[in-house]
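Source file: my_file-v9.txt (compact mmCIF, C-alpha atoms)
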```
# COMPACT_ATOMS: atom_id res chain seq x y z
CA MET A 1 -26.78 -9.89 -7.12
CA TRP A 2 -28.76 -13.08 -6.76
CA ARG A 3 -29.49 -13.17 -10.48
CA TYR A 4 -26.06 -14.83 -10.67
CA ARG A 5 -27.27 -17.62 -8.36
CA GLU A 6 -25.83 -20.40 -10.56
CA LEU A 7 -22.32 -19.02 -9.88
CA LEU A 8 -22.86 -18.54 -6.15
CA PRO A 9 -22.34 -21.13 -3.39
CA VAL A 10 -25.71 -20.98 -1.58
CA THR A 11 -27.83 -23.88 -2.88
CA ASP A 12 -30.97 -23.64 -0.72
CA GLU A 13 -32.94 -20.77 -2.21
CA SER A 14 -35.22 -20.63 0.83
CA LYS A 15 -32.24 -19.54 2.95
CA THR A 16 -31.43 -16.50 0.82
CA ILE A 17 -31.19 -13.31 2.89
CA SER A 18 -31.31 -10.22 0.72
CA LEU A 19 -31.88 -6.52 1.29
CA GLY A 20 -31.62 -5.70 -2.42
CA GLU A 21 -27.82 -5.65 -2.66
CA GLY A 22 -26.01 -5.56 -5.98
CA GLY A 23 -27.16 -4.15 -9.29
CA THR A 24 -25.31 -0.92 -8.51
CA PRO A 25 -24.89 1.58 -11.34
CA LEU A 26 -21.85 1.84 -13.57
CA ILE A 27 -21.82 5.57 -14.20
CA LYS A 28 -19.98 6.99 -17.19
CA SER A 29 -18.11 10.13 -16.24
CA SER A 30 -18.76 13.30 -18.20
CA ASN A 31 -17.37 16.35 -16.41
CA LEU A 32 -14.42 14.72 -14.67
CA ALA A 33 -13.56 12.72 -17.78
CA ALA A 34 -13.46 15.96 -19.76
CA GLU A 35 -11.19 17.57 -17.17
CA LEU A 36 -8.84 14.58 -17.30
CA ASN A 37 -9.17 14.34 -21.08
CA MET A 38 -10.36 10.74 -20.84
CA GLU A 39 -12.75 9.02 -23.24
CA ASN A 40 -14.05 6.10 -21.17
CA LEU A 41 -14.01 6.72 -17.43
CA TYR A 42 -16.60 4.90 -15.32
CA PHE A 43 -17.56 4.75 -11.64
CA LYS A 44 -18.93 1.55 -10.12
CA ASP A 45 -20.95 3.13 -7.30
CA GLU A 46 -21.16 0.60 -4.48
CA SER A 47 -22.53 3.23 -2.10
CA ARG A 48 -25.97 2.37 -3.53
CA ASN A 49 -26.05 -0.91 -1.61
CA PRO A 50 -28.54 -1.15 1.30
CA THR A 51 -26.19 -0.16 4.14
CA GLY A 52 -24.10 2.12 1.94
CA SER A 53 -21.12 -0.05 0.95
CA PHE A 54 -19.88 -3.01 -1.10
CA LYS A 55 -19.80 -5.10 2.08
CA ASP A 56 -23.49 -5.93 1.63
CA ARG A 57 -22.69 -8.37 -1.17
CA GLY A 58 -20.53 -10.53 1.07
CA SER A 59 -22.86 -10.16 4.05
CA SER A 60 -25.79 -11.40 1.99
CA ILE A 61 -23.92 -14.52 0.85
CA GLY A 62 -22.34 -15.11 4.26
CA VAL A 63 -25.53 -14.82 6.30
CA SER A 64 -27.43 -16.94 3.76
CA MET A 65 -24.77 -19.65 4.06
CA ALA A 66 -24.94 -19.41 7.86
CA LEU A 67 -28.65 -20.24 7.65
CA GLU A 68 -28.01 -23.02 5.14
CA ILE A 69 -25.58 -24.83 7.47
CA GLY A 70 -27.67 -24.19 10.58
CA ALA A 71 -25.49 -21.59 12.34
CA LYS A 72 -27.18 -19.50 15.01
CA ILE A 73 -24.58 -16.75 15.48
CA VAL A 74 -22.48 -14.73 13.01
CA GLY A 75 -19.56 -12.46 13.79
CA CYS A 76 -16.64 -10.35 12.59
CA THR A 77 -14.04 -7.81 13.68
CA SER A 78 -14.70 -4.35 12.24
CA THR A 79 -15.32 -0.73 13.16
CA GLY A 80 -16.93 0.37 9.93
CA ASN A 81 -18.72 -0.82 6.81
CA MET A 82 -18.42 -4.55 7.46
CA ALA A 83 -19.74 -4.33 11.02
CA ALA A 84 -22.77 -2.30 9.97
CA SER A 85 -23.46 -4.55 7.02
CA LEU A 86 -23.19 -7.85 8.89
CA ALA A 87 -25.33 -6.53 11.74
CA ALA A 88 -28.05 -5.48 9.29
CA TYR A 89 -28.15 -8.83 7.47
CA ALA A 90 -28.06 -10.76 10.74
CA ALA A 91 -31.07 -8.75 11.90
CA LYS A 92 -32.91 -9.62 8.67
CA ALA A 93 -32.07 -13.31 9.18
CA ASN A 94 -33.01 -13.20 12.89
CA LEU A 95 -29.53 -14.42 13.82
CA LYS A 96 -27.42 -13.31 16.78
CA CYS A 97 -24.43 -11.18 15.78
CA ILE A 98 -21.19 -10.49 17.67
CA ILE A 99 -18.90 -7.64 16.59
CA LEU A 100 -15.43 -7.09 18.04
CA ILE A 101 -14.06 -3.54 17.99
CA PRO A 102 -10.90 -1.93 19.44
CA HIS A 103 -11.56 -0.12 22.71
CA GLY A 104 -11.72 3.63 22.23
CA THR A 105 -13.33 3.49 18.79
CA PRO A 106 -15.20 6.81 18.37
CA ILE A 107 -18.93 6.34 18.85
CA GLY A 108 -19.58 8.10 15.54
CA LYS A 109 -17.88 5.25 13.67
CA ILE A 110 -20.16 2.58 15.13
CA LEU A 111 -23.54 4.32 15.42
CA GLN A 112 -24.81 2.68 12.23
CA THR A 113 -23.76 -0.72 13.57
CA LEU A 114 -25.35 -0.17 16.98
CA ILE A 115 -28.79 0.67 15.56
CA TYR A 116 -29.19 -2.97 14.45
CA GLU A 117 -28.52 -4.07 18.07
CA PRO A 118 -25.80 -6.70 17.66
CA THR A 119 -23.60 -7.58 20.64
CA VAL A 120 -20.56 -5.29 20.36
CA LEU A 121 -17.48 -6.15 22.43
CA SER A 122 -15.00 -3.28 22.91
CA VAL A 123 -11.63 -4.97 23.47
CA LYS A 124 -8.70 -3.30 25.26
CA LEU A 125 -6.05 -5.14 23.26
CA PRO A 126 -4.13 -4.49 19.99
CA TYR A 127 -6.11 -4.99 16.79
CA PRO A 128 -4.32 -8.23 15.78
CA GLU A 129 -5.53 -9.78 19.03
CA LEU A 130 -9.11 -9.13 17.97
CA TYR A 131 -8.52 -11.31 14.91
CA LYS A 132 -7.31 -14.13 17.16
CA MET A 133 -10.36 -13.70 19.38
CA MET A 134 -12.58 -13.84 16.32
CA PHE A 135 -11.13 -17.19 15.28
CA GLU A 136 -11.48 -18.39 18.88
CA MET A 137 -15.21 -17.62 18.65
CA ALA A 138 -15.46 -19.67 15.48
CA LEU A 139 -13.40 -22.66 16.63
CA ASN A 140 -14.83 -23.09 20.11
CA HIS A 141 -18.21 -21.37 20.17
CA LYS A 142 -19.74 -22.11 16.75
CA VAL A 143 -19.81 -18.46 15.67
CA TYR A 144 -19.95 -18.36 11.85
CA LEU A 145 -17.44 -15.75 10.68
CA VAL A 146 -18.25 -13.39 7.84
CA HIS A 147 -15.06 -11.35 8.10
CA SER A 148 -13.00 -9.44 5.58
CA ASP A 149 -11.54 -12.39 3.70
CA SER A 150 -13.96 -15.21 4.49
CA PRO A 151 -14.76 -17.37 1.43
CA MET A 152 -18.42 -16.33 1.43
CA ARG A 153 -17.59 -12.63 1.51
CA ILE A 154 -15.26 -13.17 -1.47
CA GLU A 155 -18.07 -15.01 -3.28
CA GLY A 156 -20.42 -12.07 -2.82
CA GLN A 157 -17.95 -9.37 -3.75
CA LYS A 158 -16.81 -11.12 -6.94
CA THR A 159 -20.18 -10.14 -8.42
CA ILE A 160 -18.86 -6.58 -8.75
CA ALA A 161 -16.76 -7.89 -11.65
CA TYR A 162 -19.74 -9.75 -13.11
CA GLU A 163 -21.81 -6.57 -13.15
CA ILE A 164 -19.08 -4.39 -14.62
CA CYS A 165 -18.64 -6.73 -17.58
CA GLU A 166 -22.37 -7.14 -18.13
CA GLN A 167 -22.92 -3.37 -17.92
CA LEU A 168 -20.18 -2.89 -20.54
CA ASN A 169 -21.91 -5.42 -22.84
CA TRP A 170 -19.26 -8.06 -22.05
CA ASN A 171 -16.45 -5.78 -23.19
CA PRO A 172 -14.16 -5.86 -20.12
CA PRO A 173 -12.44 -2.69 -18.92
CA ASP A 174 -8.74 -2.17 -19.46
CA THR A 175 -8.04 -0.99 -15.92
CA VAL A 176 -9.95 -1.34 -12.65
CA ILE A 177 -8.85 0.79 -9.69
CA VAL A 178 -9.71 -0.61 -6.25
CA PRO A 179 -9.25 0.81 -2.72
CA VAL A 180 -7.47 -1.87 -0.67
CA SER A 181 -7.36 -2.58 3.07
CA SER A 182 -7.12 -6.24 4.01
CA GLY A 183 -7.08 -7.25 0.35
CA GLY A 184 -10.35 -9.17 0.27
CA ASN A 185 -12.20 -6.95 -2.21
CA ILE A 186 -9.49 -6.77 -4.88
CA THR A 187 -9.04 -10.53 -4.50
CA ALA A 188 -12.78 -11.06 -4.96
CA ILE A 189 -12.99 -8.77 -8.00
CA TRP A 190 -10.08 -10.57 -9.65
CA LYS A 191 -11.80 -13.91 -8.96
CA GLY A 192 -14.94 -12.62 -10.67
CA PHE A 193 -13.09 -11.50 -13.79
CA LYS A 194 -11.20 -14.80 -14.01
CA GLU A 195 -14.42 -16.81 -13.73
CA LEU A 196 -16.04 -14.86 -16.57
CA HIS A 197 -12.91 -15.40 -18.67
CA LEU A 198 -12.96 -19.11 -17.91
CA LEU A 199 -16.62 -19.28 -18.95
CA GLY A 200 -15.81 -17.53 -22.23
CA LEU A 201 -17.99 -14.52 -21.44
CA ILE A 202 -15.06 -12.10 -21.78
CA ASP A 203 -12.03 -12.37 -24.04
CA GLU A 204 -9.50 -10.37 -22.03
CA LEU A 205 -8.71 -9.75 -18.37
CA PRO A 206 -8.29 -6.22 -17.01
CA ARG A 207 -5.33 -4.79 -15.17
CA LEU A 208 -5.95 -4.16 -11.47
CA VAL A 209 -4.63 -1.15 -9.58
CA CYS A 210 -4.42 -1.40 -5.79
CA VAL A 211 -4.73 1.95 -3.97
CA GLN A 212 -3.85 2.63 -0.36
CA SER A 213 -3.34 5.74 1.73
CA SER A 214 0.28 6.79 2.25
CA GLY A 215 -0.58 6.75 5.97
CA CYS A 216 -1.15 2.98 5.85
CA ALA A 217 0.19 1.27 2.73
CA PRO A 218 1.67 -2.13 3.64
CA ILE A 219 0.56 -3.84 0.41
CA VAL A 220 1.78 -1.01 -1.83
CA LYS A 221 5.13 -1.01 -0.05
CA ALA A 222 5.50 -4.78 -0.45
CA PHE A 223 4.59 -4.58 -4.14
CA LYS A 224 7.02 -1.78 -4.93
CA GLU A 225 9.88 -3.32 -2.97
CA LYS A 226 9.10 -6.87 -4.16
CA GLN A 227 9.26 -7.95 -0.52
CA PRO A 228 6.87 -9.82 1.83
CA ILE A 229 4.15 -7.76 3.46
CA LYS A 230 5.17 -6.31 6.81
CA PRO A 231 2.87 -4.77 9.45
CA TRP A 232 2.48 -1.00 9.19
CA PRO A 233 3.78 0.52 12.45
CA LYS A 234 1.29 3.34 13.01
CA PRO A 235 -1.64 3.95 10.63
CA GLU A 236 -2.48 7.64 10.25
CA THR A 237 -5.04 8.48 7.57
CA ILE A 238 -8.52 9.86 7.10
CA ALA A 239 -9.30 6.79 4.98
CA HIS A 240 -10.05 4.68 8.05
CA SER A 241 -11.83 1.91 6.18
CA ILE A 242 -8.64 0.99 4.30
CA SER A 243 -6.19 1.36 7.19
CA ASN A 244 -5.59 -2.29 8.11
CA PRO A 245 -2.02 -2.24 9.49
CA ASN A 246 -1.46 -5.98 9.05
CA PRO A 247 -3.21 -7.44 5.97
CA LEU A 248 -1.12 -10.60 6.40
CA LEU A 249 -3.80 -11.64 8.90
CA ALA A 250 -6.33 -11.36 6.08
CA SER A 251 -5.96 -11.43 2.28
CA GLY A 252 -2.78 -9.41 1.83
CA ASN A 253 -0.86 -12.11 -0.02
CA GLN A 254 -3.87 -12.93 -2.23
CA ALA A 255 -4.13 -9.24 -3.08
CA LEU A 256 -0.48 -9.13 -4.13
CA LYS A 257 -1.07 -12.23 -6.25
CA ALA A 258 -4.07 -10.60 -7.96
CA ILE A 259 -2.08 -7.45 -8.73
CA ASN A 260 0.80 -9.43 -10.18
CA GLU A 261 -1.36 -11.88 -12.14
CA SER A 262 -3.23 -8.99 -13.76
CA LYS A 263 0.05 -7.21 -14.57
CA GLY A 264 -1.27 -4.43 -12.41
CA LEU A 265 0.06 -1.70 -10.17
CA ALA A 266 -0.06 -0.54 -6.56
CA VAL A 267 -0.27 3.18 -5.74
CA GLU A 268 -0.37 5.22 -2.56
CA VAL A 269 -2.01 8.64 -2.20
CA SER A 270 -1.83 11.25 0.55
CA ASP A 271 -4.70 12.46 2.73
CA GLU A 272 -4.52 15.81 0.95
CA GLU A 273 -4.91 14.11 -2.41
CA ILE A 274 -7.80 12.05 -1.05
CA ILE A 275 -9.71 15.09 0.23
CA GLU A 276 -9.13 16.94 -3.04
CA ALA A 277 -10.37 13.92 -5.02
CA GLN A 278 -13.40 13.55 -2.76
CA LYS A 279 -14.38 17.18 -3.33
CA LEU A 280 -13.66 16.92 -7.05
CA LEU A 281 -15.90 13.88 -7.47
CA ALA A 282 -18.73 15.61 -5.62
CA LYS A 283 -18.35 18.89 -7.50
CA LYS A 284 -17.87 17.41 -10.98
CA GLU A 285 -20.08 14.31 -10.86
CA GLY A 286 -22.48 14.78 -7.95
CA LEU A 287 -21.12 11.69 -6.19
CA LEU A 288 -20.49 11.84 -2.44
CA VAL A 289 -18.19 9.00 -1.40
CA GLN A 290 -16.15 8.15 1.67
CA PRO A 291 -12.40 8.91 1.70
CA ALA A 292 -11.43 5.32 0.85
CA SER A 293 -13.47 5.53 -2.37
CA ALA A 294 -11.92 8.85 -3.33
CA THR A 295 -8.47 7.22 -3.32
CA THR A 296 -9.33 5.73 -6.72
CA ILE A 297 -9.75 9.19 -8.24
CA ALA A 298 -6.57 10.45 -6.59
CA ALA A 299 -4.72 7.40 -7.91
CA LEU A 300 -6.11 7.87 -11.42
CA ARG A 301 -4.86 11.45 -11.56
CA LYS A 302 -1.42 10.28 -10.44
CA LEU A 303 -1.36 7.44 -12.99
CA ILE A 304 -2.26 9.83 -15.82
CA GLU A 305 0.59 12.13 -14.80
CA LEU A 306 2.97 9.15 -14.84
CA ASN A 307 1.65 7.99 -18.25
CA GLU A 308 0.59 4.71 -16.68
CA VAL A 309 -2.96 5.10 -18.00
CA ASP A 310 -3.83 5.75 -21.63
CA ARG A 311 -6.52 8.40 -21.90
CA ARG A 312 -8.37 6.25 -24.47
CA GLU A 313 -8.64 3.09 -22.40
CA ILE A 314 -11.69 1.96 -20.43
CA VAL A 315 -11.07 2.70 -16.75
CA VAL A 316 -13.42 1.74 -13.91
CA CYS A 317 -12.99 3.26 -10.45
CA ILE A 318 -14.62 1.26 -7.66
CA LEU A 319 -16.42 3.59 -5.25
CA THR A 320 -16.73 1.36 -2.22
CA GLY A 321 -18.89 3.37 0.20
CA SER A 322 -21.02 6.41 0.89
CA GLY A 323 -19.57 9.72 2.02
CA LEU A 324 -22.51 10.10 4.40
CA LYS A 325 -20.64 7.72 6.71
CA ASN A 326 -17.68 10.11 7.14
CA MET A 327 -18.96 13.66 6.82
CA GLU A 328 -16.71 14.83 9.67
CA VAL A 329 -13.59 14.49 7.50
CA PHE A 330 -14.56 17.54 5.46
CA GLY A 331 -14.02 19.86 8.42
CA ARG A 332 -12.85 23.23 7.17
CA LYS A 333 -12.21 21.95 3.67
CA ILE A 334 -15.65 22.91 2.37
CA SER A 335 -17.18 26.32 1.84
CA ARG A 336 -19.71 27.80 4.29
CA PRO A 337 -23.09 29.42 3.58
CA LEU A 338 -23.11 33.10 2.63
CA THR A 339 -24.73 35.19 5.35
CA VAL A 340 -27.61 37.47 4.28
CA ALA A 341 -28.93 39.98 6.83
CA SER A 342 -31.41 42.01 4.77
CA TRP A 343 -33.32 42.25 1.51
CA ASN A 344 -30.79 44.74 0.17
CA GLU A 345 -27.89 42.42 0.95
CA PHE A 346 -29.82 39.52 -0.61
CA ARG A 347 -30.32 41.47 -3.86
CA GLU A 348 -26.66 42.60 -3.92
CA LYS A 349 -25.33 39.06 -3.49
CA LEU A 350 -27.84 37.62 -5.94
CA ASN A 351 -26.98 40.20 -8.59
CA ALA A 352 -23.27 39.49 -8.17
CA LEU A 353 -23.87 35.75 -8.51
CA ILE A 354 -26.16 36.04 -11.52
CA SER A 355 -23.91 38.50 -13.34
CA GLY A 356 -21.00 36.11 -12.86
CA ILE A 357 -22.98 33.35 -14.59
CA THR A 358 -24.66 35.30 -17.36
```

Show the structure stored in the file as C-alpha cells.
Amino acid sequence: MWRYRELLPVTDESKTISLGEGGTPLIKSSNLAAELNMENLYFKDESRNPTGSFKDRGSSIGVSMALEIGAKIVGCTSTGNMAASLAAYAAKANLKCIILIPHGTPIGKILQTLIYEPTVLSVKLPYPELYKMMFEMALNHKVYLVHSDSPMRIEGQKTIAYEICEQLNWNPPDTVIVPVSSGGNITAIWKGFKELHLLGLIDELPRLVCVQSSGCAPIVKAFKEKQPIKPWPKPETIAHSISNPNPLLASGNQALKAINESKGLAVEVSDEEIIEAQKLLAKKEGLLVQPASATTIAALRKLIELNEVDRREIVVCILTGSGLKNMEVFGRKISRPLTVASWNEFREKLNALISGIT
C-alpha cells in the first residue's frame, strides 16, 4: 500500500507503521464466472491483509499519523475487524489502544482483538452511546480516533481502488460491488477512483453497488425510497460486520452520495442468499470469506437476474474479510465427514466415489 506514498497523507516516512497491508490479489473468476455466464468477473480479496480484512489499510495510515502528530493513545468502537486491526497496529507502534464494545458481545467475536492486549471497555449502553463516548475520549483525553469513517481510515482504504485499476492495466472496471455497513469503505473506494480520474490515470469512473443484508439495510432503504437515512430498529443478520443500525453517525450520507455520483445501485440480500453465496464462492473458487463479503456474490446473482449487469462488463466484487473469523455461521449448512468403520466399508465408499468421477 505504501508504494502510493505520494498520494497518502503521512509525510514522515520514519513514522510509517506497516504489517505488509495492501497489494492484495485481484483474482479473475473461472468456475463461478462460467456458471454465471460472465466474461470478466474479478474478486478483490482483502482477506489477505495481515489481520484478515480491509481494515488494515486504514489502521496502517491512522496509526502512522498518530505517531506523526505525537499521539500516545489510539481508539475506536468496534466488535470485529476494525477492533482487531487497530489493536494489532497499535501493538506494532507501541501505542496504547482503547476499544469500546457493547456489553454482552460474544467472546468469540473479540478473541482476535484481545490477543493484542488493548484495553477493552464493555459498555452497558446502546451502541450509539458508544460513538458519543468515543468522541468524548478524543475531545477531552487526547485519544486519537481511527474509527470507521475517520479521514485517515478513508485515506488507507482508497488504495483498494488504486490497486484494482493498476491490476487491470489502468482499464477501470464497469461495476464494483461493495459490502456496506457505516459507509466508510464505499466512500473511500469512490474517493480512490475519483483521484485516479483526476490525475488522468483512468478515463472512466465505475458504477458502485452498495450491498447490505436485508436484516440491516438502512442505506439501501434510503436509496430506494429517496429519503434520508433512518436508524434500523433491530438488526438481525449473520453478516454482523455490516450491521450498523445507524450509519448516520458515520459515513452513511457520504455513501449515498458515492452511489448517486457513480450512477450506482443499492441492493439488499437475505441471510439465506448470503450463506448460499458463501458456500458457492468456496466450492467454485476456493475462497473462504466472511458473510459480509459473500453479500457481493449474492448481490451479483440478483443483479444478473434483474438485467442490471451485462454479462460482458468488467465486474469486481470486494471481498472484505476472511471466513476464518466467522466459521460458526456455517452450522448445519455444510456437509459432514463420511464415517468409515472398516477396510471393507472404506473400499465400498471409495469405489462408489471413484466410479462416480470416472

May I ask which of the residues A:Gly184, A:Gly52, A:Pro245, A:Pro291 is the closest one to A:Pro126, counting all atoms listed in the file? A:Pro245

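Non-sequential neighbours of A:Ala258 (distance at most 12 Å, separation of 6 or more positions within a chain, only C-alpha atoms) are A:Val176, A:Val178, A:Val180, A:Gly183, A:Gly184, A:Asn185, A:Ile186, A:Thr187, A:Ala188, A:Ile189, A:Trp190, A:Lys191, A:Gly192, A:Phe193, A:Lys194, A:Leu205, A:Pro206, A:Arg207, A:Leu208, A:Val209, A:Cys210, A:Ile219, A:Phe223, A:Ser251, A:Gly252, A:Gly264, A:Leu265, A:Ala266.
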
Nearest to A:Phe135 by atom-to-atom distance, counting all atoms listed in the file, from A:Ser342, A:Trp232, A:Glu117, A:Ala250: A:Ala250

Residue with the minimum atom-to-atom distance to A:Leu67, picked from A:Met1, A:Ile27, A:Ile17, A:Ala84 with all atoms listed in the file counted, is A:Ile17

For A:Lys349: contacts at 9 Å, all atoms listed in the file, fewer than 4 positions along chain excluded, given as a PDB file with C-alpha atoms, in the coordinates of the input:
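Result went into part27.pdb, see below:
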```pdb
ATOM      1  CA  LEU A 338     -23.110  33.100   2.630  1.00  0.00           C
ATOM      2  CA  VAL A 340     -27.610  37.470   4.280  1.00  0.00           C
ATOM      3  CA  ASN A 344     -30.790  44.740   0.170  1.00  0.00           C
ATOM      4  CA  GLU A 345     -27.890  42.420   0.950  1.00  0.00           C
ATOM      5  CA  LEU A 353     -23.870  35.750  -8.510  1.00  0.00           C
ATOM      6  CA  ILE A 354     -26.160  36.040 -11.520  1.00  0.00           C
TER       7      ILE A 354
END
```

Counting all atoms listed in the file, write as a count of residues only all protein and nucleic acid residues lying at most 9 Å from (-9.8, -3.4, 6.7) in the file's frame. 18

Point out the residue among A:Glu308, A:Glu129, A:Glu155, A:Glu225 with the least atom-to-atom distance to A:Asn246, counting only C-alpha atoms. A:Glu129

With only C-alpha atoms as the counted atoms, please give the residues lying no more than 10 Å from A:Lys15, apart from itself and same-chain residues fewer than 6 positions off, as a PyMOL selection string. chain A and resi 61+63-69+93

For the atom pair atom CA of A:Thr159 and atom CA of A:Glu268, what is the interatomic distance in Å to one decimal place? 25.7 Å

If you count only C-alpha atoms, which residues fall within 7 Å of A:Tyr42, apart from same-chain ones fewer than 3 positions away, as a ChimeraX atom specification? /A:26-29,315-317

In Å, how far is it from atom CA of A:Leu7 to atom CA of A:Glu166?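 We find that atom CA of A:Leu7 and atom CA of A:Glu166 lie 14.5 Å from each other.
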
Listed atoms of stretch 223-234 of chain A boxed axis-aligned with 4 Å per side, centre + edges as JSON:
```
{"center_x": 5.6, "center_y": -3.2, "center_z": 4.0, "size_x": 16.6, "size_y": 21.2, "size_z": 25.9}
```

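The environment of A:Ala277 within 10 Å, counting only C-alpha atoms and disregarding residues fewer than 2 places along the same chain, consists of A:Asp271, A:Glu272, A:Glu273, A:Ile274, A:Ile275, A:Lys279, A:Leu280, A:Leu281, A:Ala282, A:Lys283, A:Val289, A:Pro291, A:Ser293, A:Ala294, A:Thr295, A:Thr296, A:Ile297, A:Ala298, A:Ala299, A:Leu300, A:Arg301.
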
At what distance in Å, to one decimal, does atom CA of A:Leu319 lie from atom CA of A:Glu46?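 Between atom CA of A:Glu46 and atom CA of A:Leu319 the gap is 5.7 Å.
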
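Of the listed residues (A:Lys234, A:His197, A:His103, A:Lys142), A:His103 comes nearest to A:Val123; the distances count only C-alpha atoms.
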
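Distance check against A:Lys55 using only C-alpha atoms: of A:Ser150, A:Thr320, A:Ser213, A:Asn31, the minimum falls on A:Thr320.
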
Expected residue set, 10 Å radius at (-19.4, -11.9, 13.2), all atoms listed in the file, as a PyMOL selection string: chain A and resi 59+62-63+73-78+82-83+86-87+90+96-100+118-120+134+137-138+143-147

Write the residues of the preceding selection, restricted to C-alpha atoms, as an mmCIF file, in the frame of the given file.
```cif
data_model
loop_
_atom_site.group_PDB
_atom_site.id
_atom_site.type_symbol
_atom_site.label_atom_id
_atom_site.label_comp_id
_atom_site.auth_asym_id
_atom_site.auth_seq_id
_atom_site.Cartn_x
_atom_site.Cartn_y
_atom_site.Cartn_z
ATOM 1 C CA SER A 59 -22.860 -10.160 4.050
ATOM 2 C CA GLY A 62 -22.340 -15.110 4.260
ATOM 3 C CA VAL A 63 -25.530 -14.820 6.300
ATOM 4 C CA ILE A 73 -24.580 -16.750 15.480
ATOM 5 C CA VAL A 74 -22.480 -14.730 13.010
ATOM 6 C CA GLY A 75 -19.560 -12.460 13.790
ATOM 7 C CA CYS A 76 -16.640 -10.350 12.590
ATOM 8 C CA THR A 77 -14.040 -7.810 13.680
ATOM 9 C CA SER A 78 -14.700 -4.350 12.240
ATOM 10 C CA MET A 82 -18.420 -4.550 7.460
ATOM 11 C CA ALA A 83 -19.740 -4.330 11.020
ATOM 12 C CA LEU A 86 -23.190 -7.850 8.890
ATOM 13 C CA ALA A 87 -25.330 -6.530 11.740
ATOM 14 C CA ALA A 90 -28.060 -10.760 10.740
ATOM 15 C CA LYS A 96 -27.420 -13.310 16.780
ATOM 16 C CA CYS A 97 -24.430 -11.180 15.780
ATOM 17 C CA ILE A 98 -21.190 -10.490 17.670
ATOM 18 C CA ILE A 99 -18.900 -7.640 16.590
ATOM 19 C CA LEU A 100 -15.430 -7.090 18.040
ATOM 20 C CA PRO A 118 -25.800 -6.700 17.660
ATOM 21 C CA THR A 119 -23.600 -7.580 20.640
ATOM 22 C CA VAL A 120 -20.560 -5.290 20.360
ATOM 23 C CA MET A 134 -12.580 -13.840 16.320
ATOM 24 C CA MET A 137 -15.210 -17.620 18.650
ATOM 25 C CA ALA A 138 -15.460 -19.670 15.480
ATOM 26 C CA VAL A 143 -19.810 -18.460 15.670
ATOM 27 C CA TYR A 144 -19.950 -18.360 11.850
ATOM 28 C CA LEU A 145 -17.440 -15.750 10.680
ATOM 29 C CA VAL A 146 -18.250 -13.390 7.840
ATOM 30 C CA HIS A 147 -15.060 -11.350 8.100
#
```
